[in-house]
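Peer 1: Have a peek at input27.tsv (TSV, C-alpha atoms).
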chain	number	residue	atom	x	y	z
M	1	MET	CA	3.45	4.77	-3.57
M	2	GLY	CA	3.60	1.00	-2.94
M	3	LYS	CA	4.70	-1.54	-5.48
M	4	LYS	CA	2.51	-4.18	-7.10
M	5	ILE	CA	4.69	-7.26	-7.15
M	6	PHE	CA	4.14	-10.51	-9.04
M	7	SER	CA	6.42	-13.52	-9.02
M	8	GLY	CA	6.11	-17.21	-9.79
M	9	VAL	CA	7.84	-20.41	-8.72
M	10	GLN	CA	7.63	-23.67	-10.65
M	11	PRO	CA	6.33	-26.61	-8.58
M	12	THR	CA	9.21	-28.93	-9.40
M	13	GLY	CA	9.52	-30.29	-5.84
M	14	ASN	CA	12.55	-30.40	-3.58
M	15	LEU	CA	13.19	-26.65	-3.39
M	16	HIS	CA	16.74	-25.96	-2.23
M	17	LEU	CA	18.97	-23.26	-0.79
M	18	GLY	CA	19.46	-21.69	-4.24
M	19	ASN	CA	15.67	-21.24	-4.58
M	20	TYR	CA	15.46	-19.83	-1.06
M	21	LEU	CA	18.29	-17.30	-1.35
M	22	GLY	CA	17.60	-16.55	-5.03
M	23	ALA	CA	13.87	-15.94	-4.67
M	24	ILE	CA	11.89	-16.95	-1.57
M	25	LYS	CA	13.90	-15.00	1.06
M	26	ASN	CA	13.43	-11.91	-1.12
M	27	PHE	CA	9.66	-12.63	-1.45
M	28	VAL	CA	9.37	-12.68	2.35
M	29	GLU	CA	11.12	-9.31	2.68
M	30	LEU	CA	8.95	-7.76	-0.05
M	31	SER	CA	5.74	-9.14	1.47
M	32	ASN	CA	6.69	-7.78	4.90
M	33	ASP	CA	6.70	-4.23	3.53
M	34	LYS	CA	3.14	-3.05	4.19
M	35	ASP	CA	3.27	-0.68	1.19
M	36	ASN	CA	3.63	-3.59	-1.26
M	37	ASP	CA	0.81	-5.65	-2.81
M	38	CYS	CA	2.32	-9.08	-3.44
M	39	ILE	CA	1.06	-11.95	-5.57
M	40	PHE	CA	3.00	-15.22	-5.46
M	41	CYS	CA	2.02	-17.77	-8.06
M	42	VAL	CA	2.76	-21.49	-8.20
M	43	VAL	CA	3.26	-21.66	-11.96
M	44	ASP	CA	1.94	-25.14	-12.69
M	45	LEU	CA	1.13	-24.28	-16.33
M	46	HIS	CA	4.82	-23.46	-16.85
M	47	ALA	CA	5.78	-26.74	-15.20
M	48	ILE	CA	4.09	-28.86	-17.89
M	49	THR	CA	6.45	-27.60	-20.62
M	50	VAL	CA	8.34	-30.67	-19.38
M	51	LYS	CA	6.34	-33.91	-19.00
M	52	GLN	CA	5.12	-34.29	-15.40
M	53	ASN	CA	3.79	-37.18	-13.35
M	54	PRO	CA	0.29	-35.92	-12.36
M	55	LYS	CA	0.48	-37.30	-8.79
M	56	GLU	CA	3.91	-35.78	-8.24
M	57	LEU	CA	2.83	-32.45	-9.71
M	58	ARG	CA	-0.14	-32.25	-7.32
M	59	SER	CA	2.16	-33.02	-4.41
M	60	ASN	CA	4.79	-30.51	-5.59
M	61	ILE	CA	2.18	-27.74	-5.85
M	62	ARG	CA	1.33	-28.26	-2.16
M	63	GLU	CA	5.02	-28.47	-1.23
M	64	THR	CA	5.69	-25.11	-2.93
M	65	VAL	CA	2.84	-23.49	-0.97
M	66	ALA	CA	4.14	-25.09	2.25
M	67	THR	CA	7.61	-23.67	1.50
M	68	PHE	CA	6.21	-20.16	0.93
M	69	VAL	CA	4.30	-20.24	4.23
M	70	ALA	CA	7.11	-21.94	6.21
M	71	SER	CA	9.56	-19.30	4.97
M	72	GLY	CA	7.36	-16.49	6.30
M	73	ILE	CA	4.92	-15.43	3.57
M	74	ASP	CA	1.55	-14.74	5.20
M	75	PRO	CA	-1.35	-15.90	2.94
M	76	LYS	CA	-3.62	-13.36	4.67
M	77	LYS	CA	-1.37	-10.47	3.56
M	78	SER	CA	-0.26	-11.76	0.15
M	79	ILE	CA	-2.09	-13.71	-2.54
M	80	ILE	CA	-0.78	-17.27	-3.03
M	81	PHE	CA	-2.42	-19.28	-5.81
M	82	ASN	CA	-1.72	-21.75	-8.59
M	83	GLN	CA	-1.83	-20.49	-12.15
M	84	SER	CA	-4.02	-23.27	-13.62
M	85	LYS	CA	-6.93	-22.26	-11.37
M	86	VAL	CA	-7.17	-18.79	-12.98
M	87	THR	CA	-8.16	-19.38	-16.62
M	88	ALA	CA	-7.38	-15.77	-17.59
M	89	HIS	CA	-3.67	-16.72	-17.67
M	90	SER	CA	-4.16	-19.20	-20.54
M	91	GLU	CA	-6.54	-16.91	-22.43
M	92	ALA	CA	-4.30	-13.84	-22.08
M	93	ALA	CA	-1.29	-15.91	-23.18
M	94	TRP	CA	-3.07	-16.76	-26.47
M	95	ILE	CA	-4.12	-13.14	-27.04
M	96	LEU	CA	-0.62	-11.82	-26.30
M	97	SER	CA	0.95	-14.47	-28.52
M	98	CYS	CA	-0.84	-12.71	-31.39
M	99	SER	CA	1.03	-9.49	-30.51
M	100	ALA	CA	4.38	-11.20	-29.79
M	101	ARG	CA	6.71	-11.83	-32.73
M	102	THR	CA	8.48	-15.09	-33.55
M	103	GLY	CA	11.74	-13.19	-34.00
M	104	TRP	CA	11.55	-12.00	-30.39
M	105	LEU	CA	10.95	-15.53	-29.08
M	106	SER	CA	13.71	-16.99	-31.24
M	107	ARG	CA	16.21	-14.75	-29.48
M	108	MET	CA	15.39	-16.13	-26.02
M	109	THR	CA	18.60	-17.75	-24.74
M	110	GLN	CA	16.79	-19.91	-22.17
M	111	PHE	CA	14.89	-21.74	-24.91
M	112	LYS	CA	18.16	-22.47	-26.72
M	113	GLU	CA	19.69	-23.83	-23.51
M	114	LYS	CA	16.67	-25.95	-22.51
M	115	ALA	CA	15.90	-27.27	-26.00
M	116	GLY	CA	19.51	-28.32	-26.54
M	117	LYS	CA	20.77	-29.39	-29.95
M	118	ASP	CA	17.53	-30.86	-31.27
M	119	LYS	CA	15.18	-27.85	-31.24
M	120	GLU	CA	12.75	-29.62	-33.58
M	121	LYS	CA	11.79	-31.98	-30.76
M	122	ALA	CA	11.13	-29.23	-28.20
M	123	SER	CA	7.48	-28.53	-27.40
M	124	VAL	CA	5.73	-25.39	-28.64
M	125	GLY	CA	5.01	-24.66	-24.94
M	126	LEU	CA	8.73	-24.53	-24.13
M	127	TYR	CA	9.22	-22.10	-27.03
M	128	SER	CA	6.30	-19.81	-26.23
M	129	TYR	CA	6.27	-19.93	-22.41
M	130	PRO	CA	7.76	-16.39	-22.09
M	131	VAL	CA	4.42	-15.18	-23.57
M	132	LEU	CA	2.56	-16.98	-20.76
M	133	MET	CA	4.99	-15.35	-18.32
M	134	ALA	CA	4.09	-11.96	-19.84
M	135	ALA	CA	0.38	-12.74	-19.38
M	136	ASP	CA	1.01	-13.71	-15.72
M	137	ILE	CA	2.62	-10.34	-15.06
M	138	LEU	CA	0.44	-8.03	-17.17
M	139	LEU	CA	-2.94	-9.30	-15.92
M	140	TYR	CA	-2.29	-7.79	-12.48
M	141	ASP	CA	-0.97	-4.34	-13.52
M	142	THR	CA	2.30	-5.42	-11.94
M	143	THR	CA	4.78	-2.59	-11.38
M	144	HIS	CA	7.76	-4.68	-10.23
M	145	VAL	CA	8.97	-8.24	-10.80
M	146	PRO	CA	11.77	-9.83	-8.73
M	147	VAL	CA	14.08	-11.43	-11.29
M	148	GLY	CA	17.38	-13.23	-11.42
M	149	ASP	CA	19.86	-12.78	-14.27
M	150	ASP	CA	18.32	-15.70	-16.20
M	151	GLN	CA	14.87	-14.04	-16.35
M	152	LYS	CA	15.86	-10.46	-17.26
M	153	GLN	CA	15.49	-11.21	-20.97
M	154	HIS	CA	11.95	-12.56	-20.43
M	155	LEU	CA	10.96	-9.39	-18.58
M	156	GLU	CA	12.28	-7.27	-21.46
M	157	LEU	CA	10.11	-9.39	-23.79
M	158	CYS	CA	7.12	-8.80	-21.50
M	159	ARG	CA	7.67	-5.04	-21.79
M	160	ASP	CA	7.92	-5.31	-25.60
M	161	ILE	CA	4.67	-7.33	-25.80
M	162	ALA	CA	2.86	-4.81	-23.57
M	163	GLN	CA	4.01	-1.91	-25.73
M	164	LYS	CA	3.10	-3.68	-29.01
M	165	PHE	CA	-0.43	-4.49	-27.76
M	166	ASN	CA	-0.95	-0.91	-26.52
M	167	ASN	CA	0.28	0.54	-29.84
M	168	ASP	CA	-1.66	-1.91	-32.02
M	169	PHE	CA	-4.97	-1.09	-30.35
M	170	GLY	CA	-4.38	2.57	-29.49
M	171	ALA	CA	-4.71	1.68	-25.81
M	172	GLU	CA	-2.07	3.90	-24.27
M	173	ASN	CA	-0.75	2.60	-20.90
M	174	PHE	CA	-3.36	-0.19	-20.82
M	175	PHE	CA	-0.67	-2.74	-20.06
M	176	LYS	CA	1.87	-1.29	-17.64
M	177	ALA	CA	5.54	-1.95	-18.41
M	178	PRO	CA	6.91	-3.66	-15.27
M	179	GLU	CA	10.32	-2.87	-13.77
M	180	PRO	CA	12.79	-5.53	-12.64
M	181	LEU	CA	13.62	-5.83	-8.92
M	182	ILE	CA	17.21	-7.03	-8.58
M	183	GLN	CA	18.28	-8.37	-5.20
M	184	LYS	CA	21.08	-6.62	-3.36
M	185	GLN	CA	23.48	-8.57	-1.13
M	186	PHE	CA	23.00	-11.80	-3.04
M	187	SER	CA	25.42	-14.27	-4.58
M	188	ARG	CA	24.30	-16.84	-7.12
M	189	ILE	CA	24.25	-20.20	-5.35
M	190	MET	CA	26.30	-22.94	-6.95
M	191	SER	CA	26.62	-26.71	-6.40
M	192	LEU	CA	28.45	-27.84	-3.24
M	193	LYS	CA	30.31	-30.32	-5.47
M	194	ASP	CA	31.25	-27.95	-8.30
M	195	GLY	CA	31.55	-24.17	-7.90
M	196	LEU	CA	30.99	-23.64	-11.64
M	197	LYS	CA	27.57	-25.37	-11.76
M	198	LYS	CA	24.35	-23.82	-10.49
M	199	MET	CA	22.79	-25.59	-7.48
M	200	SER	CA	20.07	-27.77	-8.95
M	201	LYS	CA	17.62	-30.45	-7.94
M	202	SER	CA	18.41	-32.32	-11.16
M	203	GLU	CA	22.02	-32.99	-10.15
M	204	LEU	CA	22.33	-36.68	-9.26
M	205	SER	CA	24.16	-36.29	-5.95
M	206	ASP	CA	22.01	-35.05	-3.08
M	207	LEU	CA	25.27	-33.82	-1.49
M	208	SER	CA	25.43	-31.10	-4.16
M	209	ARG	CA	22.60	-29.08	-2.58
M	210	ILE	CA	20.97	-28.09	0.69
M	211	ASN	CA	17.29	-28.99	0.38
M	212	LEU	CA	14.82	-26.86	2.32
M	213	THR	CA	13.52	-30.13	3.81
M	214	ASP	CA	16.97	-31.21	5.14
M	215	ASN	CA	17.35	-31.66	8.89
M	216	ALA	CA	20.24	-30.23	10.96
M	217	ASP	CA	22.41	-33.38	10.68
M	218	GLN	CA	22.01	-33.51	6.90
M	219	ILE	CA	22.96	-29.83	6.57
M	220	ILE	CA	26.08	-30.23	8.75
M	221	ASN	CA	27.15	-33.36	6.84
M	222	LYS	CA	26.71	-31.71	3.43
M	223	ILE	CA	28.75	-28.64	4.39
M	224	LYS	CA	31.46	-30.87	5.90
M	225	LYS	CA	31.68	-32.74	2.57
M	226	ALA	CA	31.37	-29.63	0.36
M	227	LYS	CA	34.24	-29.31	-2.11
M	228	THR	CA	37.04	-26.87	-1.20
M	229	ASP	CA	40.72	-26.43	-2.08
M	230	PRO	CA	43.82	-27.01	0.10
M	231	LEU	CA	44.66	-23.31	0.60
M	232	PRO	CA	43.53	-21.17	3.56
M	233	MET	CA	40.48	-18.93	3.13
M	234	PRO	CA	41.06	-16.14	0.54
M	235	SER	CA	42.01	-12.67	1.75
M	236	ASN	CA	40.69	-10.48	-1.10
M	237	ASN	CA	38.12	-10.35	-3.90
M	238	GLU	CA	40.66	-10.99	-6.64
M	239	GLU	CA	41.80	-14.23	-4.99
M	240	LEU	CA	38.19	-15.25	-4.28
M	241	ASP	CA	37.21	-14.92	-7.97
M	242	LYS	CA	39.77	-17.57	-8.92
M	243	ARG	CA	38.57	-20.06	-6.28
M	244	HIS	CA	35.01	-20.99	-7.26
M	245	GLU	CA	34.10	-23.31	-4.36
M	246	ALA	CA	35.39	-20.82	-1.77
M	247	LYS	CA	33.47	-18.04	-3.53
M	248	ASN	CA	30.27	-20.09	-3.42
M	249	LEU	CA	30.53	-20.91	0.30
M	250	ILE	CA	31.40	-17.34	1.30
M	251	GLY	CA	28.54	-16.15	-0.96
M	252	ILE	CA	26.12	-18.45	0.87
M	253	TYR	CA	27.34	-17.13	4.25
M	254	SER	CA	27.02	-13.47	3.10
M	255	SER	CA	23.54	-13.98	1.60
M	256	LEU	CA	22.24	-15.76	4.74
M	257	THR	CA	23.65	-13.20	7.17
M	258	GLY	CA	23.02	-10.13	5.00
M	259	THR	CA	26.74	-9.25	5.21
M	260	LYS	CA	28.68	-7.54	2.42
M	261	LEU	CA	31.02	-9.96	0.64
M	262	GLU	CA	34.11	-7.84	1.46
M	263	LYS	CA	33.26	-7.98	5.18
M	264	SER	CA	32.88	-11.78	5.05
M	265	ILE	CA	36.24	-12.12	3.24
M	266	ASN	CA	37.93	-10.03	5.96
M	267	GLU	CA	36.21	-12.01	8.71
M	268	PHE	CA	37.56	-15.38	7.52
M	269	SER	CA	40.77	-14.30	5.73
M	270	GLY	CA	43.58	-16.86	6.22
M	271	LYS	CA	41.48	-19.21	8.39
M	272	ASN	CA	41.12	-22.93	7.71
M	273	PHE	CA	38.12	-24.14	5.74
M	274	SER	CA	37.19	-26.50	8.59
M	275	GLU	CA	36.76	-23.54	10.97
M	276	PHE	CA	34.70	-21.58	8.40
M	277	LYS	CA	32.55	-24.61	7.55
M	278	GLU	CA	31.59	-25.04	11.23
M	279	ILE	CA	30.38	-21.44	11.40
M	280	LEU	CA	28.59	-21.73	8.03
M	281	SER	CA	26.86	-24.94	9.20
M	282	GLN	CA	25.62	-23.19	12.36
M	283	VAL	CA	24.20	-20.28	10.32
M	284	LEU	CA	22.51	-22.69	7.88
M	285	VAL	CA	21.00	-24.82	10.64
M	286	GLU	CA	19.75	-21.68	12.39
M	287	LYS	CA	18.09	-20.34	9.21
M	288	ILE	CA	16.99	-23.51	7.38
M	289	SER	CA	16.01	-25.98	10.16
M	290	PRO	CA	12.96	-23.97	11.33
M	291	ILE	CA	11.76	-23.78	7.70
M	292	SER	CA	12.35	-27.52	7.23
M	293	ASN	CA	10.42	-28.38	10.43
M	294	GLU	CA	7.53	-26.11	9.42
M	295	ILE	CA	7.36	-27.60	5.90
M	296	SER	CA	7.04	-31.09	7.44
M	297	LYS	CA	4.18	-29.95	9.68
M	298	LEU	CA	2.35	-28.16	6.84
M	299	LEU	CA	2.65	-31.10	4.43
M	300	ALA	CA	0.62	-33.14	6.89
M	301	GLU	CA	-2.17	-30.54	6.59
M	302	LYS	CA	-3.23	-30.97	2.96
M	303	ASN	CA	-6.65	-29.39	3.51
M	304	PHE	CA	-5.05	-26.26	4.96
M	305	LEU	CA	-2.68	-25.93	1.97
M	306	ASP	CA	-5.56	-26.49	-0.46
M	307	SER	CA	-7.62	-23.83	1.31
M	308	ILE	CA	-4.76	-21.30	0.86
M	309	LEU	CA	-4.72	-22.08	-2.88
M	310	LEU	CA	-8.50	-21.87	-3.18
M	311	GLU	CA	-8.74	-18.56	-1.35
M	312	GLY	CA	-5.76	-17.18	-3.28
M	313	SER	CA	-7.10	-18.26	-6.67
M	314	GLU	CA	-10.48	-16.62	-5.93
M	315	LYS	CA	-8.73	-13.32	-5.11
M	316	ALA	CA	-6.45	-13.58	-8.16
M	317	ASP	CA	-9.35	-14.51	-10.43
M	318	LYS	CA	-11.26	-11.40	-9.36
M	319	ILE	CA	-8.38	-9.14	-10.44
M	320	ALA	CA	-7.49	-11.07	-13.62
M	321	SER	CA	-11.12	-11.38	-14.81
M	322	LYS	CA	-11.59	-7.60	-14.58
M	323	LYS	CA	-8.51	-7.05	-16.74
M	324	MET	CA	-9.68	-9.77	-19.15
M	325	LYS	CA	-13.05	-8.06	-19.57
M	326	LYS	CA	-11.28	-4.85	-20.63
M	327	ILE	CA	-9.06	-6.83	-23.03
M	328	HIS	CA	-12.22	-8.25	-24.66
M	329	GLU	CA	-13.61	-4.72	-25.11
M	330	ILE	CA	-10.35	-3.48	-26.67
M	331	LEU	CA	-10.26	-6.43	-29.08
M	332	GLY	CA	-13.92	-6.16	-30.05
M	333	PHE	CA	-14.95	-9.58	-28.69
Would you write the structure of this file as structure tokens?

Peer 2:
Amino acid sequence: MGKKIFSGVQPTGNLHLGNYLGAIKNFVELSNDKDNDCIFCVVDLHAITVKQNPKELRSNIRETVATFVASGIDPKKSIIFNQSKVTAHSEAAWILSCSARTGWLSRMTQFKEKAGKDKEKASVGLYSYPVLMAADILLYDTTHVPVGDDQKQHLELCRDIAQKFNNDFGAENFFKAPEPLIQKQFSRIMSLKDGLKKMSKSELSDLSRINLTDNADQIINKIKKAKTDPLPMPSNNEELDKRHEAKNLIGIYSSLTGTKLEKSINEFSGKNFSEFKEILSQVLVEKISPISNEISKLLAEKNFLDSILLEGSEKADKIASKKMKKIHEILGF
């Protein structure tokens, strides 16, 4: 039996290699399996937990769609839409927030990290957004959700909320408890300037990341300048674990080529970084340049991108509205 897959990406603009290898590449593989029903959501409601410039947000929504399509997700085979266009997401989030418990939300580590020291100044949206994430997933009877380590806790919360609602209203199995889909052959992608920091668009130096809009020359230059150490390439896993920048670059190579980490270590053991960086640059240019070129073309076709979102939101709305109608009946509305 095929899987029903739901996943969302925030339209924060400037998607990078970490986003591609951590999520989008996996989305493409899942959507290419004809047994899967895939829904990919541009989660613009989640994005506004942080203040956004409206013009930039509109542009970033289109850029996220362009990145999906340029990477190989076919909008005819999978649903691509933006969350704000399907009102059931907001309504279900409110209803589920009445089943969720403050104690559960208070344990969410991502809120603690994002809110920082002064939690009193954080928005209610930032605190409660895992409930909206649960609504996103549960509205579509999702069976599987691709998640990274940082979202596993939110998926557990989603399962708890589903179970609480079902128990409270005697609606056994009404909300399905989704399973996590963890990527195999994937290394977490870190900054090219610091192997202990996650690759991020918020880091000041553009040299710290490979953007999906970078051209071949930019990619080659960034890998050339990527931080390394003076030793030759590591020869075993134990040595690799102690050398964070080397681990990151070999992880990128392994994730892009679909090679096991051990095999990549053996392939480059004892070689100079300069030799490895040349090969890594070639692989990156081969994989990322076509995506970058396609994104540029698609961004010039705003009407086409908007039509994908419109068509996708109509399909999503049909599914979500049906579920919402049943929720109303259960609640006695």

Peer 1: Given the choices M:Leu331, M:Leu305, M:His244, M:Lys197, which gets closest to Asn166 of chain M if the distance is worked out from only C-alpha atoms?

Peer 2: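 With only C-alpha atoms as the atom set, the closest residue is M:Leu331.
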
Peer 1: Please report, as JSON, the centre and edge lengths in Å to one decimal of an axis-aligned box covering all listed atoms of segment 69-75 of chain M with 5 Å per side.

Peer 2:
{"center_x": 4.1, "center_y": -18.3, "center_z": 4.6, "size_x": 20.9, "size_y": 17.2, "size_z": 13.4}

Peer 1: Under the rule that only C-alpha atoms are counted, which of M:Asp168, M:Glu329, M:Asp306, M:Glu179 is the nearest residue to Lys152 of chain M?

Peer 2: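 When distances to Lys152 of chain M are compared using only C-alpha atoms, the smallest one comes from M:Glu179.
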
Peer 1: Could you give me, as a list in words, the residues that sit within 9 Å of (22.9, -11.1, -11.6) in the file's coordinates, counting all atoms listed in the file?

Peer 2: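 Using all atoms listed in the file, the matching residues come out as Val147, Gly148, Asp149, Asp150, Ile182, Gln183, Phe186, Ser187 and Arg188 of chain M.
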
Peer 1: If you measure from atom CA of Thr228 of chain M to atom CA of Ser289 of chain M, what distance in Å do you get, rounded to one decimal?

Peer 2: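 Atom CA of Ser289 of chain M lies at a distance of 23.9 Å from atom CA of Thr228 of chain M.
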
Peer 1: Determine, counting all atoms listed in the file, every residue of protein, DNA or RNA that lies within 12 Å of (24.0, -28.0, -1.7) in the file coordinates, then give the result as a ChimeraX atom specification.

Peer 2: /M:14-20,189-195,197-212,214,218-227,245,248-249,252,281,284

Peer 1: Starting from the incomplete input, reconstruct all heavy atoms of segment 30-40 of chain M and report them as a compact mmCIF listing (two decimals), in the coordinates of the input.

Peer 2:
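Wrote selection35.txt, looks like this:
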# COMPACT_ATOMS: atom_id res chain seq x y z
N LEU M 30 9.87 -8.63 0.71
CA LEU M 30 8.95 -7.76 -0.05
C LEU M 30 7.54 -7.79 0.53
O LEU M 30 6.86 -6.78 0.62
CB LEU M 30 8.92 -8.19 -1.53
CG LEU M 30 10.19 -7.95 -2.34
CD1 LEU M 30 10.13 -8.70 -3.67
CD2 LEU M 30 10.43 -6.47 -2.59
N SER M 31 7.11 -9.00 0.94
CA SER M 31 5.74 -9.14 1.47
C SER M 31 5.60 -8.53 2.86
O SER M 31 4.50 -8.19 3.29
CB SER M 31 5.32 -10.61 1.50
OG SER M 31 6.04 -11.33 2.46
N ASN M 32 6.73 -8.39 3.57
CA ASN M 32 6.69 -7.78 4.90
C ASN M 32 6.59 -6.26 4.86
O ASN M 32 6.33 -5.62 5.88
CB ASN M 32 7.92 -8.20 5.72
CG ASN M 32 7.79 -9.62 6.25
OD1 ASN M 32 6.68 -10.14 6.36
ND2 ASN M 32 8.90 -10.26 6.54
N ASP M 33 6.84 -5.68 3.70
CA ASP M 33 6.70 -4.23 3.53
C ASP M 33 5.22 -3.93 3.29
O ASP M 33 4.66 -4.31 2.27
CB ASP M 33 7.55 -3.77 2.34
CG ASP M 33 7.54 -2.26 2.15
OD1 ASP M 33 6.56 -1.61 2.58
OD2 ASP M 33 8.50 -1.73 1.57
N LYS M 34 4.60 -3.26 4.24
CA LYS M 34 3.14 -3.05 4.19
C LYS M 34 2.69 -2.21 2.99
O LYS M 34 1.52 -2.18 2.63
CB LYS M 34 2.61 -2.49 5.51
CG LYS M 34 3.12 -1.12 5.90
CD LYS M 34 2.50 -0.70 7.23
CE LYS M 34 2.76 0.71 7.63
NZ LYS M 34 4.10 1.25 7.41
N ASP M 35 3.62 -1.50 2.35
CA ASP M 35 3.27 -0.68 1.19
C ASP M 35 3.16 -1.51 -0.10
O ASP M 35 2.68 -1.02 -1.12
CB ASP M 35 4.31 0.42 0.97
CG ASP M 35 4.25 1.48 2.06
OD1 ASP M 35 3.16 1.65 2.63
OD2 ASP M 35 5.27 2.11 2.35
N ASN M 36 3.65 -2.76 -0.06
CA ASN M 36 3.63 -3.59 -1.26
C ASN M 36 2.38 -4.47 -1.34
O ASN M 36 1.95 -5.01 -0.33
CB ASN M 36 4.87 -4.50 -1.30
CG ASN M 36 6.16 -3.73 -1.46
OD1 ASN M 36 6.17 -2.62 -1.98
ND2 ASN M 36 7.26 -4.31 -1.01
N ASP M 37 1.85 -4.63 -2.54
CA ASP M 37 0.81 -5.65 -2.81
C ASP M 37 1.52 -6.79 -3.51
O ASP M 37 2.03 -6.60 -4.62
CB ASP M 37 -0.26 -5.10 -3.76
CG ASP M 37 -1.23 -4.18 -3.04
OD1 ASP M 37 -1.37 -4.33 -1.82
OD2 ASP M 37 -1.83 -3.32 -3.70
N CYS M 38 1.56 -7.96 -2.88
CA CYS M 38 2.32 -9.08 -3.44
C CYS M 38 1.43 -10.23 -3.88
O CYS M 38 0.51 -10.62 -3.15
CB CYS M 38 3.33 -9.60 -2.42
SG CYS M 38 4.61 -8.41 -2.00
N ILE M 39 1.73 -10.75 -5.06
CA ILE M 39 1.06 -11.95 -5.57
C ILE M 39 2.14 -12.98 -5.88
O ILE M 39 3.07 -12.70 -6.66
CB ILE M 39 0.25 -11.64 -6.85
CG1 ILE M 39 -0.86 -10.62 -6.54
CG2 ILE M 39 -0.36 -12.92 -7.42
CD1 ILE M 39 -1.69 -10.20 -7.75
N PHE M 40 2.04 -14.14 -5.24
CA PHE M 40 3.00 -15.22 -5.46
C PHE M 40 2.27 -16.40 -6.08
O PHE M 40 1.33 -16.94 -5.51
CB PHE M 40 3.68 -15.61 -4.15
CG PHE M 40 4.42 -14.46 -3.51
CD1 PHE M 40 4.02 -13.93 -2.28
CD2 PHE M 40 5.50 -13.88 -4.16
CE1 PHE M 40 4.68 -12.86 -1.71
CE2 PHE M 40 6.17 -12.79 -3.59
CZ PHE M 40 5.77 -12.29 -2.37
